[in-house]
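Participant: Below is one structure. I have some questions about it.
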Amino acid sequence: GAYVLQVKATDADDPTYGNSARVVYSILQGQPYFSIDPKTGVIRTALPNMDREVKEQYQVLIQAKDMGGQLGGLAGTTTVNITLTDVNDNPPRFPKSIFHLKVPETSHVGSAIGRIRAVDPDFGKNAEIEYNIVPGDGGNLFDITTDEYTQEGVIKLKKPLDFETKKAYTFKVEASNLHLDHRFHSVGPFKDTATVKINVLDMDEPPVFSKPMYTMEVYEDTPVGTIIGAVTAQDLDAGSSSVRYFMDWKNDVDSYFTIDATEGTIATNELLDRESTAQYNFSIIASKVSNPLLTSKVNVIVNVLDVNEFPPEISVPYETSVCENAKPGQVIQTITAADKDLSPAGQRFSFKLSSEASNKPNFTVHDYRNNTAGIETRRNGYSRRQQELYFLPIVIEDNSYPVQSSTNTLTIRVCRCDSDGTIQSCNVEAIFLPVGLSTGALIAILLCIVILLVIVVLYVALRRQKKKDTLMTSKEDIRDNVIHYDDEGGGEEDTQAFDIGALRNPKVIEDNKIRRDIKPDTLRFTRHRPPAEDNTDIRDFINQRLQENDVDPSAPPYDSLATYAYEGNGSVAESLSSIDSLTTEADQDYDYLSDWGPRFKILADMFGEESYNPDKVT
């Protein structure tokens with residue numbers, strides 16, 4: 001009688017006219033599982049406890065007929081598909097009560113060794129199963145988890161198996177639903193149990209050491225070949241095999257020891273030094289004679305014990321000083337000692353003066369009994385002039401066996417101090433200052449040295465100044481771009497004597513030009529002097545010789561022509577050049593030359609009385 005759904009049919013006839021529009025519902029197909037109300041069309045279940053696991057899908061054919069279902073009425077049909085939803089009404093069940101598994105004893109911890117499965121006919125989350133191992137015999141060596149895809153129980157190994165120790169294990173596994181429906185608690189417990197029996201298979205295993213790690217001790221003075229310990233490994237398989245041992249060579253450190261291949265005894269192979277290496281760590285490999293591929297490894301640690309072979313010494317070098325005004329019994333230095341040896345009970349040192357220093361009344365050693373000692377004065381004052389350095393031999397002994405001792409020399413320097421004991425000077429030069437030079441004398445000496453250095457610097461600077469070629473011959477001439485010549489030029493026609501480029505850039509002077517203002521060495525012309533006639537006039541003779549010298553470039557004097565392509569600015573007399581003149585020379589007035597004095601009289605006569613004629617100029 002559970003409600004499923006309601007169907008409704010419509011009729012186009014007039015409902016007020018008789019029974020033409022009165023509809024009646026009935027089931028043509030789907031009985032005896034479902035029923036329908038003839039008037040309302042409500043579909044309900046007709047059987048109790050319908051089981052989805054038996055049948056899940058149903059098709060119900062519904063008929064709607066007018067005229068109240070009487071004969072002659074018209075009918076229409078429809079199909080209703082009904083699906084039963086699942087409920088958790090079935091517990092999981094194992095298909096068998098005992099599961100047998102075979103597991104090799106060499107299986108790794110955490111690996112899956114078998115699967116079991118319980119069947120639940122429900123669907124979806126109602127079929128989810130949880131597996132658990134029931135506490136009991138052998139259950140502590142195994143674990144079980146659920147495969148969420150297949151809902152199988154996966155058995156895993158928690159601890160290693162050993163066929164020689166135990167050959168079989170038995171335990172129970174429980175399967176239960178995760179999601180329970182309280183409506184079906186009365187059906188019974190929703191879980192099931194099964195027994196799992198595991199048989200361990202014997203496998204050929206490597207030998208097993210008696211310990212997971214071996215620790216040994218040896219003294220550093222142990223002779224080579226001394227046995228310091230042994231390792232033991234056994235074959236636990238049924239057919240026991242002999243075992244062989246050998247070193248696992250990794251580095252040179254392993255060469256300090258050897259192992260007997262049969263007995264497994266370890267011996268020293270070289271002399272050991274604790275100060276060099278205090279601990280050795282190496283590995284031993286054991287293999288079966290019947291199957292050398294089956295091996296096992298174990299670590300061996302060897303601690304090297306110390307032997308008292310080094311004497312104690314002063315730990316650090318000390319710079320000890322004593323004041324000249326020191327009093328007796330004053331501690332001037334505290335010293336400590338160090339020993340390269342390592343004593344298990346701790347190091348204890350004693351300090352004392354050597355026998356030869358005990359008779360000298362300068363210093364003494366006070367042992368504080370805590371591995372330190374103090375150096376004390378025994379005199380009332382010390383003098384640097386008499387003795388600047390004191391060498392104090394100190395004997396240091398340890399308490400190990402055999403006793404080791406050493407003599408250490410402590411250097412003590414005498415220093416000048418103030419009344420509070422603060423050191424002012426320990427330098428050797430300070431000792432001689434009161435006897436020799438005073439501070440003023442030292443300052444005078446330094447001043448003389450400085451003066452000598454200044455003189456040397458000035459002398460070197462002057463020598464370098466003389467070597468420099470300067471274009472200016474007078475320091476008072478402040479005009480720029482002025483070049484002075486001390487020799488006479490070759491005349492106005494000599495245009496190759498000077499390069500005008502030097503005037504445009506005075507710093508650029510070409511050295512390869514052939515100069516005309518000095519006497520050439522190579523260019524010479526042979527003069528042909530015709531013989532003078534007896535009746536030649538002296539004037540003609542002179543004119544002839546003058547003409548010869550004028551055309552001869554090798555004859556003195558040597559004229560020079562310097563052309564200036566620019567002129568300076570700011571001159572009071574303005575420009576002296578005629579290049580920019582608006583008039584010709586003939587139109588210029590040279591009467592002012594008469595006012596310049598007797599030295600310019602010739603020029604005044606030449607330009608003042610007659611016009612300028614270049615042909616008359618010689």
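In the structure tokens, each chain is lettered A, B, ... as it comes, each chain's residues begin at 1, and ligands are numbered from 1 in order of appearance.
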Set the distance at 9 Å and use only C-alpha atoms: which residues neighbour segment 322-328 of chain A once local chain neighbours fewer than 6 positions away are removed? I'd like the list as a list in words.
Facilitator: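 My list of contacting residues is Phe363, Glu376, Thr377, Arg378, Arg379, Asn380, Gly381, Tyr382, Ser383, Arg384, Ile412, Arg413, Val414, Cys415, Arg416, Cys417, Asp418, Ser419, Gly421, Thr422 and Ile423 of chain A.
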Participant: Based on the backbone DSSP call, show me all residues of segment 220-432 of chain A assigned alpha helix (DSSP H), as a list in words.
Facilitator: Ser355, Glu356, Ala357, Ser358, Glu429, Ala430, Ile431 and Phe432 of chain A
Participant: Between atom CA of Asp248 of chain A and atom CA of Asp221 of chain A, measure the distance and give it in Å to one decimal.
Facilitator: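 One can read the atom CA of Asp248 of chain A to atom CA of Asp221 of chain A distance as 25.2 Å.
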Participant: Name all residues at most 10 Å from Thr222 of chain A (count only C-alpha atoms; drop same-chain ones fewer than 2 positions away) and give them as number ranges by chain.
Facilitator: A: 218-220, 224-228, 268, 270-273, 304-305, 307
Participant: Write the residues of the preceding selection, restricted to N, CA and C atoms, as a PDB file, in the first residue's frame.
Facilitator:
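Wrote result.pdb, looks like this:
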```pdb
ATOM      1  N   VAL A 218      90.155  -0.098  20.346  1.00  0.00           N
ATOM      2  CA  VAL A 218      91.544  -0.510  20.211  1.00  0.00           C
ATOM      3  C   VAL A 218      92.433   0.667  20.595  1.00  0.00           C
ATOM      4  N   TYR A 219      93.564   0.392  21.249  1.00  0.00           N
ATOM      5  CA  TYR A 219      94.516   1.442  21.599  1.00  0.00           C
ATOM      6  C   TYR A 219      95.347   1.813  20.370  1.00  0.00           C
ATOM      7  N   GLU A 220      95.747   3.064  20.336  1.00  0.00           N
ATOM      8  CA  GLU A 220      96.463   3.548  19.157  1.00  0.00           C
ATOM      9  C   GLU A 220      97.855   2.945  19.010  1.00  0.00           C
ATOM     10  N   VAL A 224     100.506  -4.129  14.635  1.00  0.00           N
ATOM     11  CA  VAL A 224      99.829  -4.579  13.426  1.00  0.00           C
ATOM     12  C   VAL A 224      99.570  -6.079  13.513  1.00  0.00           C
ATOM     13  N   GLY A 225      98.353  -6.488  13.133  1.00  0.00           N
ATOM     14  CA  GLY A 225      97.984  -7.896  13.172  1.00  0.00           C
ATOM     15  C   GLY A 225      97.248  -8.313  14.426  1.00  0.00           C
ATOM     16  N   THR A 226      97.022  -7.387  15.354  1.00  0.00           N
ATOM     17  CA  THR A 226      96.315  -7.712  16.586  1.00  0.00           C
ATOM     18  C   THR A 226      94.814  -7.819  16.307  1.00  0.00           C
ATOM     19  N   ILE A 227      94.179  -8.907  16.821  1.00  0.00           N
ATOM     20  CA  ILE A 227      92.736  -9.102  16.655  1.00  0.00           C
ATOM     21  C   ILE A 227      92.005  -8.206  17.651  1.00  0.00           C
ATOM     22  N   ILE A 228      91.071  -7.394  17.148  1.00  0.00           N
ATOM     23  CA  ILE A 228      90.350  -6.459  18.003  1.00  0.00           C
ATOM     24  C   ILE A 228      88.886  -6.861  18.189  1.00  0.00           C
ATOM     25  N   THR A 268      94.054  -5.442  13.079  1.00  0.00           N
ATOM     26  CA  THR A 268      94.651  -4.203  12.547  1.00  0.00           C
ATOM     27  C   THR A 268      95.596  -4.550  11.414  1.00  0.00           C
ATOM     28  N   GLU A 270      97.355  -1.693   9.865  1.00  0.00           N
ATOM     29  CA  GLU A 270      98.335  -0.610   9.898  1.00  0.00           C
ATOM     30  C   GLU A 270      98.339  -0.009  11.295  1.00  0.00           C
ATOM     31  N   LEU A 271      99.386   0.777  11.571  1.00  0.00           N
ATOM     32  CA  LEU A 271      99.457   1.468  12.850  1.00  0.00           C
ATOM     33  C   LEU A 271      98.395   2.565  12.909  1.00  0.00           C
ATOM     34  N   LEU A 272      97.770   2.684  14.065  1.00  0.00           N
ATOM     35  CA  LEU A 272      96.688   3.647  14.241  1.00  0.00           C
ATOM     36  C   LEU A 272      97.191   4.851  15.022  1.00  0.00           C
ATOM     37  N   ASP A 273      96.625   6.006  14.712  1.00  0.00           N
ATOM     38  CA  ASP A 273      96.986   7.259  15.389  1.00  0.00           C
ATOM     39  C   ASP A 273      95.692   7.978  15.741  1.00  0.00           C
ATOM     40  N   VAL A 304      89.315   4.417  18.450  1.00  0.00           N
ATOM     41  CA  VAL A 304      90.732   4.357  18.792  1.00  0.00           C
ATOM     42  C   VAL A 304      90.925   5.027  20.143  1.00  0.00           C
ATOM     43  N   LEU A 305      91.457   4.278  21.105  1.00  0.00           N
ATOM     44  CA  LEU A 305      91.683   4.798  22.459  1.00  0.00           C
ATOM     45  C   LEU A 305      93.025   5.506  22.521  1.00  0.00           C
ATOM     46  N   VAL A 307      96.586   6.932  23.909  1.00  0.00           N
ATOM     47  CA  VAL A 307      97.753   6.559  24.706  1.00  0.00           C
ATOM     48  C   VAL A 307      98.545   7.823  24.966  1.00  0.00           C
TER      49      VAL A 307
END
```
Participant: Wanna dump the segment 16-90 of chain A-segment 117-124 of chain A contacts at 10 Å for me, each residue with its shortest atom pair and the distance in Å to one decimal, counting only C-alpha atoms, ordered by chain and number, as a Markdown table?
Facilitator:
```
| residue | atom | partner | partner_atom | distance |
| --- | --- | --- | --- | --- |
| A:Arg52 | CA | A:Asp122 | CA | 8.5 |
| A:Glu53 | CA | A:Pro121 | CA | 6.6 |
| A:Val54 | CA | A:Pro121 | CA | 10.0 |
| A:Thr85 | CA | A:Phe123 | CA | 9.2 |
| A:Asp86 | CA | A:Phe123 | CA | 6.3 |
| A:Val87 | CA | A:Asp122 | CA | 7.1 |
| A:Asn88 | CA | A:Asp122 | CA | 6.2 |
| A:Asp89 | CA | A:Asp122 | CA | 7.4 |
| A:Asn90 | CA | A:Asp122 | CA | 6.3 |
```
Participant: Please, which residues of segment 205-259 of chain A, numbered as in this document, come out strand (DSSP E or B) from DSSP, as a ChimeraX atom specification?
Facilitator: /A:208-209,213-219,227-230,233-234,243-247,257-259
Participant: Given the selection you just returned, output its residues as a file containing N, CA, C and O atoms, formatted as a compact mmCIF listing (two decimals), in the first residue's frame.
Facilitator:
```
# COMPACT_ATOMS: atom_id res chain seq x y z
N VAL A 208 72.40 -14.14 8.21
CA VAL A 208 71.94 -13.12 9.13
C VAL A 208 73.00 -12.90 10.21
O VAL A 208 73.49 -13.87 10.82
N PHE A 209 73.39 -11.60 10.43
CA PHE A 209 74.36 -11.29 11.48
C PHE A 209 73.70 -11.36 12.84
O PHE A 209 72.49 -11.10 12.99
N MET A 213 74.67 -4.01 14.49
CA MET A 213 75.87 -3.18 14.36
C MET A 213 76.88 -3.64 15.41
O MET A 213 76.52 -4.04 16.52
N TYR A 214 78.18 -3.54 15.05
CA TYR A 214 79.25 -3.95 15.96
C TYR A 214 80.10 -2.73 16.31
O TYR A 214 80.42 -1.91 15.42
N THR A 215 80.45 -2.62 17.60
CA THR A 215 81.32 -1.55 18.08
C THR A 215 82.52 -2.16 18.78
O THR A 215 82.35 -3.03 19.67
N MET A 216 83.73 -1.71 18.39
CA MET A 216 84.97 -2.25 18.94
C MET A 216 85.88 -1.10 19.37
O MET A 216 85.72 0.03 18.90
N GLU A 217 86.83 -1.41 20.24
CA GLU A 217 87.79 -0.43 20.74
C GLU A 217 89.20 -0.99 20.63
O GLU A 217 89.41 -2.20 20.81
N VAL A 218 90.16 -0.10 20.35
CA VAL A 218 91.54 -0.51 20.21
C VAL A 218 92.43 0.67 20.60
O VAL A 218 92.10 1.83 20.31
N TYR A 219 93.56 0.39 21.25
CA TYR A 219 94.52 1.44 21.60
C TYR A 219 95.35 1.81 20.37
O TYR A 219 95.62 0.97 19.51
N ILE A 227 94.18 -8.91 16.82
CA ILE A 227 92.74 -9.10 16.66
C ILE A 227 92.00 -8.21 17.65
O ILE A 227 92.28 -8.23 18.86
N ILE A 228 91.07 -7.39 17.15
CA ILE A 228 90.35 -6.46 18.00
C ILE A 228 88.89 -6.86 18.19
O ILE A 228 88.18 -6.26 19.00
N GLY A 229 88.38 -7.86 17.48
CA GLY A 229 86.99 -8.29 17.61
C GLY A 229 86.61 -9.24 16.49
O GLY A 229 87.44 -9.63 15.66
N ALA A 230 85.30 -9.63 16.47
CA ALA A 230 84.82 -10.55 15.46
C ALA A 230 83.34 -10.30 15.20
O ALA A 230 82.62 -9.77 16.06
N ALA A 233 77.78 -14.36 11.45
CA ALA A 233 76.58 -14.45 10.62
C ALA A 233 76.27 -15.93 10.41
O ALA A 233 77.18 -16.77 10.31
N GLN A 234 74.96 -16.28 10.32
CA GLN A 234 74.53 -17.66 10.16
C GLN A 234 73.52 -17.76 9.02
O GLN A 234 72.77 -16.82 8.74
N VAL A 243 79.38 -19.75 5.71
CA VAL A 243 79.37 -18.31 5.46
C VAL A 243 80.80 -17.83 5.30
O VAL A 243 81.71 -18.27 6.01
N ARG A 244 80.99 -16.90 4.37
CA ARG A 244 82.29 -16.28 4.15
C ARG A 244 82.16 -14.77 4.37
O ARG A 244 81.14 -14.17 4.04
N TYR A 245 83.25 -14.17 4.94
CA TYR A 245 83.25 -12.75 5.28
C TYR A 245 84.30 -12.02 4.44
O TYR A 245 85.38 -12.58 4.14
N PHE A 246 84.01 -10.78 4.10
CA PHE A 246 85.01 -9.93 3.43
C PHE A 246 84.65 -8.47 3.64
O PHE A 246 83.49 -8.13 3.96
N MET A 247 85.66 -7.60 3.46
CA MET A 247 85.48 -6.16 3.68
C MET A 247 84.75 -5.53 2.49
O MET A 247 84.95 -5.94 1.35
N PHE A 257 92.24 -2.21 8.45
CA PHE A 257 91.80 -3.43 9.12
C PHE A 257 91.63 -4.53 8.09
O PHE A 257 91.41 -4.29 6.90
N THR A 258 91.72 -5.79 8.59
CA THR A 258 91.48 -6.97 7.77
C THR A 258 90.52 -7.89 8.52
O THR A 258 90.35 -7.78 9.74
N ILE A 259 89.88 -8.81 7.79
CA ILE A 259 88.95 -9.76 8.39
C ILE A 259 89.26 -11.15 7.88
O ILE A 259 89.60 -11.35 6.70
```
Participant: Looking at A:Pro91, A:Gly264, A:Pro135, A:Pro207, which one is nearest to Asp192 of chain A, with distances taken over only C-alpha atoms?
Facilitator: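 Under the stated criterion, the closest residue is A:Pro91.
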Participant: A:Glu174, A:Glu105, A:Asp202, A:Asp398: which is nearest Pro189 of chain A, counting only C-alpha atoms?
Facilitator: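 Smallest distance to Pro189 of chain A is found for A:Glu174.
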Participant: Any idea what's packed within 10 Å of Glu130 of chain A, counting only C-alpha atoms, ignoring anything in its chain fewer than 6 positions away? Could you give it as a PyMOL selection string?
Facilitator: chain A and resi 92+118+144-148+151-153+174-178+191
